[in-house]
$ cat start.cif   # mmCIF, C-alpha atoms
data_final
loop_
_atom_site.label_atom_id
_atom_site.label_comp_id
_atom_site.auth_asym_id
_atom_site.auth_seq_id
_atom_site.Cartn_x
_atom_site.Cartn_y
_atom_site.Cartn_z
CA MET V 1 136.05 289.51 113.36
CA ALA V 2 136.69 293.10 112.46
CA ALA V 3 133.60 295.14 111.84
CA HIS V 4 135.23 297.15 109.09
CA VAL V 5 137.60 295.74 106.57
CA THR V 6 139.49 298.56 104.97
CA THR V 7 141.17 298.08 101.69
CA PRO V 8 144.55 299.78 101.66
CA GLY V 9 144.42 303.04 99.72
CA THR V 10 140.64 303.67 100.00
CA VAL V 11 139.29 306.32 102.32
CA GLU V 12 136.44 305.30 104.57
CA PRO V 13 133.46 307.67 104.41
CA LYS V 14 133.46 309.94 107.41
CA TYR V 15 130.11 309.94 109.15
CA TRP V 16 130.86 313.23 110.87
CA MET V 17 132.68 316.39 109.82
CA GLY V 18 130.91 316.53 106.46
CA GLY V 19 131.78 313.03 105.33
CA ILE V 20 128.26 312.23 104.16
CA GLU V 21 125.26 314.38 103.47
CA PRO V 22 122.48 313.97 106.04
CA MET V 23 119.04 313.56 104.43
CA LYS V 24 120.77 313.43 101.04
CA ALA V 25 120.85 317.20 100.91
CA SER V 26 124.03 319.25 100.80
CA TYR V 27 125.00 321.40 103.77
CA GLY V 28 124.02 324.62 102.02
CA LYS V 29 120.64 323.34 100.92
CA LEU V 30 119.83 321.97 104.36
CA MET V 31 120.79 325.23 106.04
CA MET V 32 118.65 327.18 103.56
CA TRP V 33 115.70 324.97 104.54
CA PHE V 34 116.28 325.59 108.24
CA PHE V 35 116.68 329.32 107.65
CA LEU V 36 113.35 329.26 105.82
CA ILE V 37 111.73 327.53 108.81
CA SER V 38 112.91 330.36 111.05
CA ASP V 39 111.61 332.89 108.53
CA THR V 40 108.29 331.03 108.51
CA PHE V 41 108.02 331.72 112.23
CA THR V 42 108.72 335.41 111.71
CA PHE V 43 106.07 335.80 109.04
CA SER V 44 103.61 333.65 111.01
CA ALA V 45 104.11 335.91 114.01
CA LEU V 46 103.29 338.97 111.89
CA LEU V 47 100.19 337.45 110.28
CA VAL V 48 98.90 335.92 113.51
CA ALA V 49 99.41 339.23 115.31
CA TYR V 50 97.25 340.78 112.58
CA GLY V 51 94.61 338.11 113.31
CA THR V 52 94.73 338.88 117.02
CA GLN V 53 94.17 342.59 116.40
CA ARG V 54 91.36 341.84 114.00
CA PHE V 55 89.62 339.45 116.40
CA GLY V 56 90.01 341.98 119.18
CA PHE V 57 88.36 344.79 117.19
CA PRO V 58 84.72 345.18 116.05
CA ALA V 59 84.04 343.93 112.52
CA PHE V 60 81.83 345.77 110.02
CA THR V 61 78.41 344.19 110.50
CA GLY V 62 76.18 346.11 108.06
CA ASP V 63 75.42 345.42 104.41
CA ARG V 64 78.72 345.27 102.52
CA ALA V 65 77.33 347.62 99.85
CA ASP V 66 76.91 350.34 102.47
CA PHE V 67 80.48 350.11 103.72
CA THR V 68 82.23 353.40 104.44
CA PHE V 69 85.62 354.02 106.02
CA SER V 70 85.50 354.43 109.79
CA ASN V 71 87.85 353.89 112.69
CA LEU V 72 85.05 352.28 114.69
CA TYR V 73 85.37 348.95 112.88
CA TRP V 74 87.93 346.99 110.88
CA PRO V 75 87.81 347.83 107.14
CA ILE V 76 86.86 345.39 104.39
CA PRO V 77 90.18 345.01 102.52
CA GLU V 78 88.63 344.75 99.05
CA ARG V 79 87.17 348.24 99.56
CA VAL V 80 90.57 349.62 100.54
CA TYR V 81 92.56 348.12 97.67
CA GLU V 82 90.49 348.84 94.60
CA SER V 83 92.74 351.06 92.49
CA VAL V 84 94.78 350.14 89.44
CA PRO V 85 97.43 352.37 87.82
CA PHE V 86 96.21 354.42 84.80
CA LEU V 87 92.58 353.59 85.65
CA HIS V 88 91.92 356.49 87.96
CA GLY V 89 88.53 356.65 89.65
CA ILE V 90 87.39 353.20 88.56
CA SER V 91 86.62 350.74 91.34
CA LEU V 92 88.44 347.48 90.61
CA PRO V 93 88.67 345.69 93.95
CA LEU V 94 91.73 343.49 94.40
CA VAL V 95 92.55 343.48 90.66
CA PHE V 96 95.97 345.05 91.14
CA VAL V 97 96.84 342.68 94.00
CA GLY V 98 95.77 339.81 91.73
CA ILE V 99 98.14 341.03 89.01
CA MET V 100 100.96 341.18 91.59
CA THR V 101 100.16 337.61 92.64
CA PHE V 102 100.39 336.38 89.05
CA ILE V 103 103.70 338.21 88.55
CA LEU V 104 105.17 336.47 91.59
CA ILE V 105 103.88 333.03 90.60
CA ALA V 106 105.24 333.52 87.06
CA SER V 107 108.64 334.54 88.41
CA SER V 108 108.62 331.43 90.59
CA VAL V 109 108.08 329.35 87.43
CA THR V 110 111.00 330.98 85.60
CA MET V 111 113.14 330.41 88.71
CA VAL V 112 112.37 326.70 88.83
CA LEU V 113 113.07 326.51 85.08
CA ALA V 114 116.49 328.07 85.76
CA VAL V 115 117.13 325.43 88.45
CA GLU V 116 116.14 322.71 85.98
CA ALA V 117 118.49 324.15 83.33
CA GLY V 118 121.23 324.22 85.98
CA HIS V 119 120.86 320.49 86.57
CA ARG V 120 121.69 320.00 82.87
CA MET V 121 124.62 322.48 83.07
CA ASP V 122 122.78 324.47 80.41
CA ARG V 123 124.30 327.88 81.04
CA ALA V 124 122.40 329.76 78.33
CA ASN V 125 119.04 328.72 79.72
CA VAL V 126 120.06 329.45 83.31
CA GLU V 127 120.96 332.98 82.20
CA LYS V 128 117.74 333.41 80.24
CA TYR V 129 115.44 332.25 83.04
CA MET V 130 117.38 334.13 85.74
CA LEU V 131 116.87 337.34 83.74
CA TRP V 132 113.13 336.67 83.52
CA THR V 133 113.04 336.00 87.28
CA ILE V 134 114.91 339.24 88.03
CA LEU V 135 112.51 341.13 85.76
CA GLY V 136 109.53 339.59 87.60
CA GLY V 137 111.04 340.59 90.95
CA PHE V 138 111.56 344.20 89.89
CA THR V 139 108.06 344.38 88.42
CA PHE V 140 106.59 343.14 91.68
CA LEU V 141 108.60 345.69 93.67
CA GLY V 142 107.43 348.44 91.32
CA CYS V 143 103.80 347.40 91.82
CA GLN V 144 104.30 347.42 95.57
CA ALA V 145 105.84 350.89 95.44
CA TRP V 146 102.76 352.13 93.57
CA GLU V 147 100.44 350.41 96.03
CA TRP V 148 102.22 351.95 99.02
CA SER V 149 102.25 355.38 97.45
CA HIS V 150 98.53 355.16 96.71
CA PHE V 151 97.77 353.89 100.23
CA ILE V 152 99.84 356.65 101.84
CA HIS V 153 98.33 359.48 99.78
CA GLY V 154 94.74 358.25 100.08
CA THR V 155 91.58 359.14 98.20
CA GLU V 156 90.75 362.59 96.87
CA SER V 157 88.12 363.43 99.48
CA GLY V 158 89.71 361.60 102.42
CA SER V 159 87.47 360.51 105.27
CA VAL V 160 86.13 362.41 108.24
CA MET V 161 86.94 360.68 111.50
CA LYS V 162 86.70 361.43 115.18
CA VAL V 163 90.15 361.17 116.71
CA TRP V 164 91.66 362.07 120.06
CA GLU V 165 94.11 364.95 120.00
CA ASN V 166 95.69 366.23 123.22
CA GLY V 167 92.93 364.68 125.30
CA VAL V 168 90.09 366.17 123.22
CA GLU V 169 87.98 364.29 120.71
CA VAL V 170 88.00 366.23 117.44
CA SER V 171 86.48 365.64 114.02
CA LYS V 172 89.01 365.89 111.21
CA THR V 173 89.45 364.84 107.60
CA ILE V 174 92.23 362.30 107.19
CA PHE V 175 93.90 361.70 103.83
CA GLY V 176 95.70 358.41 103.34
CA ALA V 177 97.55 356.60 106.06
CA ASN V 178 100.74 356.61 108.09
CA LEU V 179 101.71 354.85 111.30
CA THR V 180 99.44 357.01 113.49
CA GLU V 181 96.58 358.09 111.19
CA ASN V 182 94.54 356.03 108.78
CA GLN V 183 91.66 357.17 106.57
CA TYR V 184 90.62 353.57 105.83
CA GLY V 185 90.05 352.40 109.41
CA PRO V 186 91.81 352.06 112.75
CA PRO V 187 95.52 353.02 112.67
CA ALA V 188 96.48 349.41 113.50
CA PHE V 189 95.21 348.32 110.07
CA ALA V 190 97.66 350.65 108.31
CA ASP V 191 100.46 349.65 110.70
CA PHE V 192 100.02 345.98 109.84
CA PHE V 193 99.82 346.80 106.14
CA PHE V 194 103.16 348.61 106.31
CA PHE V 195 104.85 345.98 108.45
CA ILE V 196 103.62 342.84 106.70
CA THR V 197 103.89 343.96 103.07
CA GLY V 198 107.04 345.92 103.93
CA PHE V 199 108.74 342.92 105.50
CA HIS V 200 107.71 340.79 102.53
CA GLY V 201 108.90 343.47 100.09
CA THR V 202 112.27 343.55 101.85
CA HIS V 203 112.51 339.81 101.27
CA VAL V 204 111.66 340.25 97.59
CA PHE V 205 114.33 342.93 97.33
CA SER V 206 116.97 340.68 98.95
CA GLY V 207 115.85 337.90 96.61
CA VAL V 208 116.34 340.10 93.55
CA ILE V 209 119.86 341.01 94.75
CA LEU V 210 120.69 337.31 95.21
CA ASN V 211 119.20 336.50 91.80
CA ILE V 212 121.37 339.18 90.18
CA LEU V 213 124.42 337.67 91.89
CA ILE V 214 123.48 334.20 90.60
CA PHE V 215 122.94 335.58 87.09
CA PHE V 216 126.30 337.34 87.17
CA ARG V 217 128.11 334.24 88.35
CA SER V 218 126.43 332.04 85.73
CA ALA V 219 127.16 334.53 82.99
CA THR V 220 130.84 334.71 83.91
CA GLY V 221 131.14 330.93 83.94
CA PHE V 222 131.69 330.64 87.70
CA TYR V 223 129.39 327.62 88.07
CA ASP V 224 130.77 325.94 84.96
CA LYS V 225 134.23 326.15 86.54
CA ARG V 226 132.88 324.84 89.82
CA GLY V 227 131.12 322.04 87.97
CA SER V 228 127.79 322.56 89.75
CA TYR V 229 124.83 324.93 89.52
CA GLU V 230 123.54 324.04 92.99
CA MET V 231 123.72 327.66 94.09
CA VAL V 232 120.85 328.39 91.67
CA GLU V 233 118.81 325.79 93.54
CA LYS V 234 119.58 327.24 96.98
CA VAL V 235 118.65 330.78 95.98
CA GLY V 236 115.66 329.27 94.19
CA LEU V 237 114.43 327.85 97.51
CA TYR V 238 114.55 331.36 98.98
CA TRP V 239 112.73 332.84 95.98
CA HIS V 240 109.93 330.27 96.14
CA PHE V 241 109.58 330.92 99.84
CA VAL V 242 108.98 334.59 99.11
CA ASP V 243 106.24 333.53 96.68
CA LEU V 244 104.81 331.19 99.33
CA VAL V 245 104.63 333.99 101.89
CA TRP V 246 102.81 336.18 99.38
CA VAL V 247 100.19 333.45 98.89
CA PHE V 248 99.46 333.65 102.63
CA VAL V 249 99.56 337.45 102.75
CA PHE V 250 97.19 337.57 99.78
CA THR V 251 94.66 335.34 101.56
CA PHE V 252 94.87 336.64 105.10
CA PHE V 253 95.45 340.31 104.44
CA TYR V 254 93.53 340.95 101.23
CA LEU V 255 90.89 338.24 100.80
CA VAL V 256 89.40 337.53 104.23
CA MET W 257 138.56 332.18 79.59
CA SER W 258 139.42 329.57 76.98
CA GLU W 259 139.76 326.91 79.67
CA VAL W 260 136.07 327.19 80.45
CA HIS W 261 134.47 324.21 78.88
CA HIS W 262 130.80 323.64 78.45
CA ILE W 263 129.42 320.35 79.57
CA HIS W 264 126.28 320.31 77.53
CA ASN W 265 123.83 317.54 77.81
CA GLN W 266 123.36 316.58 74.21
CA ASP W 267 119.99 314.93 74.75
CA PRO W 268 117.42 317.61 73.86
CA ASN W 269 114.75 315.72 75.79
CA ALA W 270 116.67 315.78 79.06
CA GLY W 271 114.51 317.21 81.83
CA ALA W 272 111.48 317.44 79.51
CA GLU W 273 109.33 315.61 82.02
CA GLN W 274 110.39 317.96 84.80
CA ARG W 275 109.59 321.00 82.68
CA LYS W 276 106.18 319.55 81.96
CA ALA W 277 105.57 319.13 85.71
CA ILE W 278 106.69 322.74 86.31
CA TRP W 279 104.21 324.15 83.79
CA LYS W 280 101.46 321.91 85.10
CA THR W 281 102.06 323.33 88.60
CA PHE W 282 101.94 326.85 87.15
CA TRP W 283 98.52 326.22 85.60
CA ILE W 284 97.19 324.68 88.81
CA LEU W 285 98.37 327.69 90.87
CA SER W 286 96.88 330.13 88.35
CA ALA W 287 93.58 328.25 88.26
CA ILE W 288 93.30 328.24 92.07
CA THR W 289 94.09 331.97 92.25
CA SER W 290 91.41 332.69 89.61
CA LEU W 291 88.97 330.54 91.55
CA GLU W 292 89.73 332.55 94.68
CA PHE W 293 88.86 335.73 92.78
CA LEU W 294 85.63 334.24 91.55
CA ILE W 295 84.65 333.19 95.07
CA ALA W 296 85.64 336.59 96.52
CA PHE W 297 83.03 338.37 94.38
CA THR W 298 80.24 335.83 94.09
CA MET W 299 79.91 334.20 97.50
CA HIS W 300 78.20 335.60 100.56
CA HIS W 301 80.79 336.62 103.14
CA GLY W 302 80.86 334.22 106.06
CA VAL W 303 82.62 331.35 107.78
CA LEU W 304 82.23 329.04 104.77
CA LYS W 305 83.89 331.53 102.41
CA VAL W 306 86.83 332.08 104.77
CA GLY W 307 87.11 328.30 105.20
CA ILE W 308 87.29 327.77 101.43
CA PHE W 309 89.99 330.47 101.14
CA ILE W 310 92.08 328.80 103.83
CA VAL W 311 91.78 325.36 102.20
CA LEU W 312 92.71 326.79 98.76
CA THR W 313 95.68 328.62 100.29
CA ILE W 314 96.98 325.40 101.83
CA VAL W 315 96.55 323.61 98.49
CA LYS W 316 98.60 326.35 96.80
CA ALA W 317 101.24 326.11 99.55
CA PHE W 318 101.38 322.34 98.97
CA TYR W 319 102.14 322.81 95.26
CA ILE W 320 104.72 325.57 95.81
CA VAL W 321 106.58 323.70 98.56
CA GLY W 322 106.12 320.24 97.06
CA GLU W 323 106.90 320.93 93.40
CA PHE W 324 108.72 324.27 93.11
CA MET W 325 110.77 323.77 96.25
CA HIS W 326 111.02 320.08 95.41
CA LEU W 327 110.27 318.97 98.98
CA LYS W 328 107.94 316.21 97.75
CA HIS W 329 110.92 314.47 96.15
CA GLU W 330 113.34 314.77 99.08
CA THR W 331 113.99 312.06 101.69
CA LYS W 332 111.26 311.37 104.24
CA SER W 333 113.42 312.59 107.12
CA LEU W 334 113.92 315.97 105.42
CA ILE W 335 110.20 316.32 104.69
CA TRP W 336 109.31 315.69 108.32
CA SER W 337 112.09 317.91 109.65
CA ILE W 338 110.51 320.78 107.75
CA LEU W 339 106.86 319.96 108.40
CA VAL W 340 106.90 319.09 112.11
CA PRO W 341 108.04 322.54 113.37
CA ILE W 342 104.93 323.99 111.68
CA ILE W 343 102.98 322.55 114.65
CA PHE W 344 104.27 325.56 116.60
CA VAL W 345 102.60 327.86 114.08
CA ALA W 346 99.30 326.00 114.47
CA TRP W 347 99.57 326.51 118.23
CA LEU W 348 100.42 330.19 117.76
CA ILE W 349 97.32 330.68 115.62
CA LEU W 350 95.05 328.97 118.12
CA ALA W 351 96.51 330.75 121.16
CA LEU W 352 96.54 334.24 119.72
CA LEU W 353 93.14 334.12 118.03
CA LEU W 354 91.58 333.06 121.34
CA GLU W 355 93.53 335.90 122.94
CA GLY W 356 92.09 338.31 120.37
CA GLN W 357 88.58 337.14 121.13
CA ALA W 358 89.25 337.64 124.86
CA ILE W 359 90.50 341.20 124.20
CA PHE W 360 87.33 341.90 122.21
CA ASP W 361 85.11 340.56 125.02
CA ALA W 362 86.99 342.61 127.61
CA ILE W 363 86.74 345.90 125.71
CA PHE W 364 83.57 345.69 123.62
CA GLY W 365 81.72 342.68 125.07
#
$ encode --input "start.cif" --output "structure tokens"
Amino acid sequence: MAAHVTTPGTVEPKYWMGGIEPMKASYGKLMMWFFLISDTFTFSALLVAYGTQRFGFPAFTGDRADFTFSNLYWPIPERVYESVPFLHGISLPLVFVGIMTFILIASSVTMVLAVEAGHRMDRANVEKYMLWTILGGFTFLGCQAWEWSHFIHGTESGSVMKVWENGVEVSKTIFGANLTENQYGPPAFADFFFFITGFHGTHVFSGVILNILIFFRSATGFYDKRGSYEMVEKVGLYWHFVDLVWVFVFTFFYLV
Amino acid sequence: MSEVHHIHNQDPNAGAEQRKAIWKTFWILSAITSLEFLIAFTMHHGVLKVGIFIVLTIVKAFYIVGEFMHLKHETKSLIWSILVPIIFVAWLILALLLEGQAIFDAIFG
């Protein structure tokens, strides 16, 4: 008894060399998922390293209303990020970060709507929603640029801190933050801000570039010719991942 | 360019259910984020508050990965292939937060 009876003229499905799709996902989609797993580890390492630093440094123990910037304890993030563009001098803790979060969630929605339109081969709607997603991405990047600029330049009066310079402890007024000085707290806080939000922002930027490519290829009929809009889905996975990372950054960097 | 043909799905209701699910997920994510804001400015800062934030973050992650990234509707083997490696992250968190506490005790304790 032969295990396989092959009808002349039909090709048996190949179980290796791309004959069938493992886990019912195409090669590209599966590889995007595994790339995202590796990226998860990278971002986890950054956020957990932040946690280690924070646990290894004194926390502010006094009444939260009396909080002032000092490099003797870790700052309360909501007191660091309380500025909103065009509303100079008004304390609005975390409002701007909240707006950025909504922008990213909204752009995730337009992305998934583009993917859905792609399933129906509805080119016009893919184009429309890709444009909205690209707009959301640029808006987020613009917000981040403003946030960085504000963080780097600091408050008008700065803060007076005791720092070591050439082996001597000196009192000096520090304005804003860079990789070695930080008016909001210990320098490590600013370093992690730059590295974590910077690494995330780089991902957003790459995502916008990919989204523009997808938009261009949809608009020129590339996917219609190919007969599949799956590329929208693959880039969509990346874009949602960027949103997912922001959800974690928002909680562990800004909220707690 | 004239060879390019459009394969339009003529049914206007195609995918309507999916779109409904997408918007529902959007409203859930927005509601949770608003709730987080509310908690941030009304609750006393402590372990409970941080715990609530972490739970809400995981709920948001569940909706983004499950609905937007469509993982909920993939095959079981794909779901587990993605979720199981996250165990390493859980270990990383545990190991390095204990390490942080040990650094604190050594320097400031």
$ resolve_selection --input "start.cif" --expression "the PyMOL selection byres ((chain V and resi 108) around 9)" --output "list of chain:residue names"
V:Ile103, V:Leu104, V:Ile105, V:Ala106, V:Ser107, V:Val109, V:Thr110, V:Met111, V:Val112, V:Leu113, V:Thr133, V:Gly136, V:Gly236, V:Trp239, V:His240, V:Asp243, W:Phe282, W:Ile320, W:Phe324
$ interface_residues --input "start.cif" --of "chain V" --to "chain W" --cutoff "8 Å" --atoms "all atoms listed in the file" --output "PyMOL selection string"
chain V and resi 23-24+33-34+37+41+44-45+48-49+51-58+102+105-106+108-109+112-113+116+120-122+221+224-225+236-237+240-241+244+247-248+251+255-256
$ atom_distance --input "start.cif" --atom1 "atom CA of Ser159 of chain V" --atom2 "atom CA of Thr197 of chain V"
23.4 Å
$ closest_residue --input "start.cif" --among "V:Phe250, V:Ile212, V:Leu179, V:Ser70" --to "Phe96 of chain V" --atoms "only C-alpha atoms"
V:Phe250
$ atom_distance --input "start.cif" --atom1 "atom CA of Phe60 of chain V" --atom2 "atom CA of Asn178 of chain V"
21.9 Å
$ atom_distance --input "start.cif" --atom1 "atom CA of Ile284 of chain W" --atom2 "atom CA of Val315 of chain W"
9.8 Å
$ axis_aligned_box --input "start.cif" --around "segment 42-48 of chain V" --padding-each-side "6 Å" --output "AutoDock Vina command-line options"
--center_x 103.8 --center_y 336.3 --center_z 111.5 --size_x 21.8 --size_y 17.3 --size_z 17.0
$ resolve_selection --input "start.cif" --expression "the PyMOL selection byres ((chain V and resi 210) around 12)" --output "VMD selection string"
chain V and resid 130 133 to 134 137 203 to 209 211 to 217 231 to 239
$ residues_around --input "start.cif" --residues "Phe192 of chain V" --least-positions-apart "3" --cutoff "9 Å" --atoms "only C-alpha atoms" --output "list in words"
Leu46, Leu47, Ala49, Tyr50, Pro187, Ala188, Phe189, Phe195, Ile196 and Thr197 of chain V
$ write_last_selection --input "start.cif" --atoms "C-alpha atoms" --output "JSON list (two decimals), in the coordinates of the input"
[["chain", "number", "residue", "atom", "x", "y", "z"],
["V", 46, "LEU", "CA", 103.29, 338.97, 111.89],
["V", 47, "LEU", "CA", 100.19, 337.45, 110.28],
["V", 49, "ALA", "CA", 99.41, 339.23, 115.31],
["V", 50, "TYR", "CA", 97.25, 340.78, 112.58],
["V", 187, "PRO", "CA", 95.52, 353.02, 112.67],
["V", 188, "ALA", "CA", 96.48, 349.41, 113.50],
["V", 189, "PHE", "CA", 95.21, 348.32, 110.07],
["V", 195, "PHE", "CA", 104.85, 345.98, 108.45],
["V", 196, "ILE", "CA", 103.62, 342.84, 106.70],
["V", 197, "THR", "CA", 103.89, 343.96, 103.07]]
$ residues_around --input "start.cif" --residues "Glu78 of chain V" --least-positions-apart "3" --cutoff "9 Å" --atoms "all atoms listed in the file" --output "PDB file with C-alpha atoms, in the frame of the given file"
ATOM      1  CA  PRO V  75      87.810 347.830 107.140  1.00  0.00           C
ATOM      2  CA  TYR V  81      92.560 348.120  97.670  1.00  0.00           C
ATOM      3  CA  GLU V  82      90.490 348.840  94.600  1.00  0.00           C
ATOM      4  CA  LEU V  92      88.440 347.480  90.610  1.00  0.00           C
ATOM      5  CA  PRO V  93      88.670 345.690  93.950  1.00  0.00           C
ATOM      6  CA  LEU V  94      91.730 343.490  94.400  1.00  0.00           C
ATOM      7  CA  TYR V 254      93.530 340.950 101.230  1.00  0.00           C
ATOM      8  CA  LEU V 255      90.890 338.240 100.800  1.00  0.00           C
ATOM      9  CA  VAL V 256      89.400 337.530 104.230  1.00  0.00           C
TER      10      VAL V 256
END
$ closest_residue --input "start.cif" --among "V:Phe151, V:Tyr184, V:Phe175, V:Phe222" --to "Tyr73 of chain V" --atoms "only C-alpha atoms"
V:Tyr184
$ closest_residue --input "start.cif" --among "V:Ile152, V:Gln144, V:Pro22, V:Lys162" --to "Leu72 of chain V" --atoms "only C-alpha atoms"
V:Lys162
$ closest_residue --input "start.cif" --among "V:Ser38, V:Thr101, V:Ser26, V:Asn182" --to "Val249 of chain V" --atoms "all atoms listed in the file"
V:Thr101
$ resolve_selection --input "start.cif" --expression "the PyMOL selection byres ((chain V and resi 172) around 6)" --output "VMD selection string"
chain V and resid 160 to 161 171 173
$ build_atoms --input "start.cif" --residues "segment 299-313 of chain W" --atoms "N, CA and C atoms" --output "tab-separated table (two decimals), in the coordinates of the input"
chain	number	residue	atom	x	y	z
W	299	MET	N	80.46	334.89	96.34
W	299	MET	CA	79.91	334.20	97.50
W	299	MET	C	79.57	335.17	98.62
W	300	HIS	N	78.56	334.82	99.39
W	300	HIS	CA	78.20	335.60	100.56
W	300	HIS	C	79.33	335.49	101.59
W	301	HIS	N	79.68	336.64	102.21
W	301	HIS	CA	80.79	336.62	103.14
W	301	HIS	C	80.40	335.92	104.44
W	302	GLY	N	81.17	334.93	104.82
W	302	GLY	CA	80.86	334.22	106.06
W	302	GLY	C	81.94	333.20	106.36
W	303	VAL	N	81.65	332.34	107.33
W	303	VAL	CA	82.62	331.35	107.78
W	303	VAL	C	82.98	330.39	106.64
W	304	LEU	N	81.99	329.99	105.85
W	304	LEU	CA	82.23	329.04	104.77
W	304	LEU	C	83.22	329.61	103.76
W	305	LYS	N	83.02	330.88	103.39
W	305	LYS	CA	83.89	331.53	102.41
W	305	LYS	C	85.33	331.59	102.93
W	306	VAL	N	85.49	332.01	104.18
W	306	VAL	CA	86.83	332.08	104.77
W	306	VAL	C	87.46	330.69	104.81
W	307	GLY	N	86.63	329.68	105.15
W	307	GLY	CA	87.11	328.30	105.20
W	307	GLY	C	87.63	327.84	103.84
W	308	ILE	N	86.86	328.15	102.78
W	308	ILE	CA	87.29	327.77	101.43
W	308	ILE	C	88.62	328.45	101.07
W	309	PHE	N	88.74	329.75	101.41
W	309	PHE	CA	89.99	330.47	101.14
W	309	PHE	C	91.17	329.81	101.82
W	310	ILE	N	90.97	329.40	103.09
W	310	ILE	CA	92.08	328.80	103.83
W	310	ILE	C	92.48	327.47	103.20
W	311	VAL	N	91.48	326.66	102.83
W	311	VAL	CA	91.78	325.36	102.20
W	311	VAL	C	92.54	325.59	100.88
W	312	LEU	N	92.05	326.53	100.05
W	312	LEU	CA	92.71	326.79	98.76
W	312	LEU	C	94.14	327.30	98.96
W	313	THR	N	94.34	328.11	100.00
W	313	THR	CA	95.68	328.62	100.29
W	313	THR	C	96.63	327.48	100.64
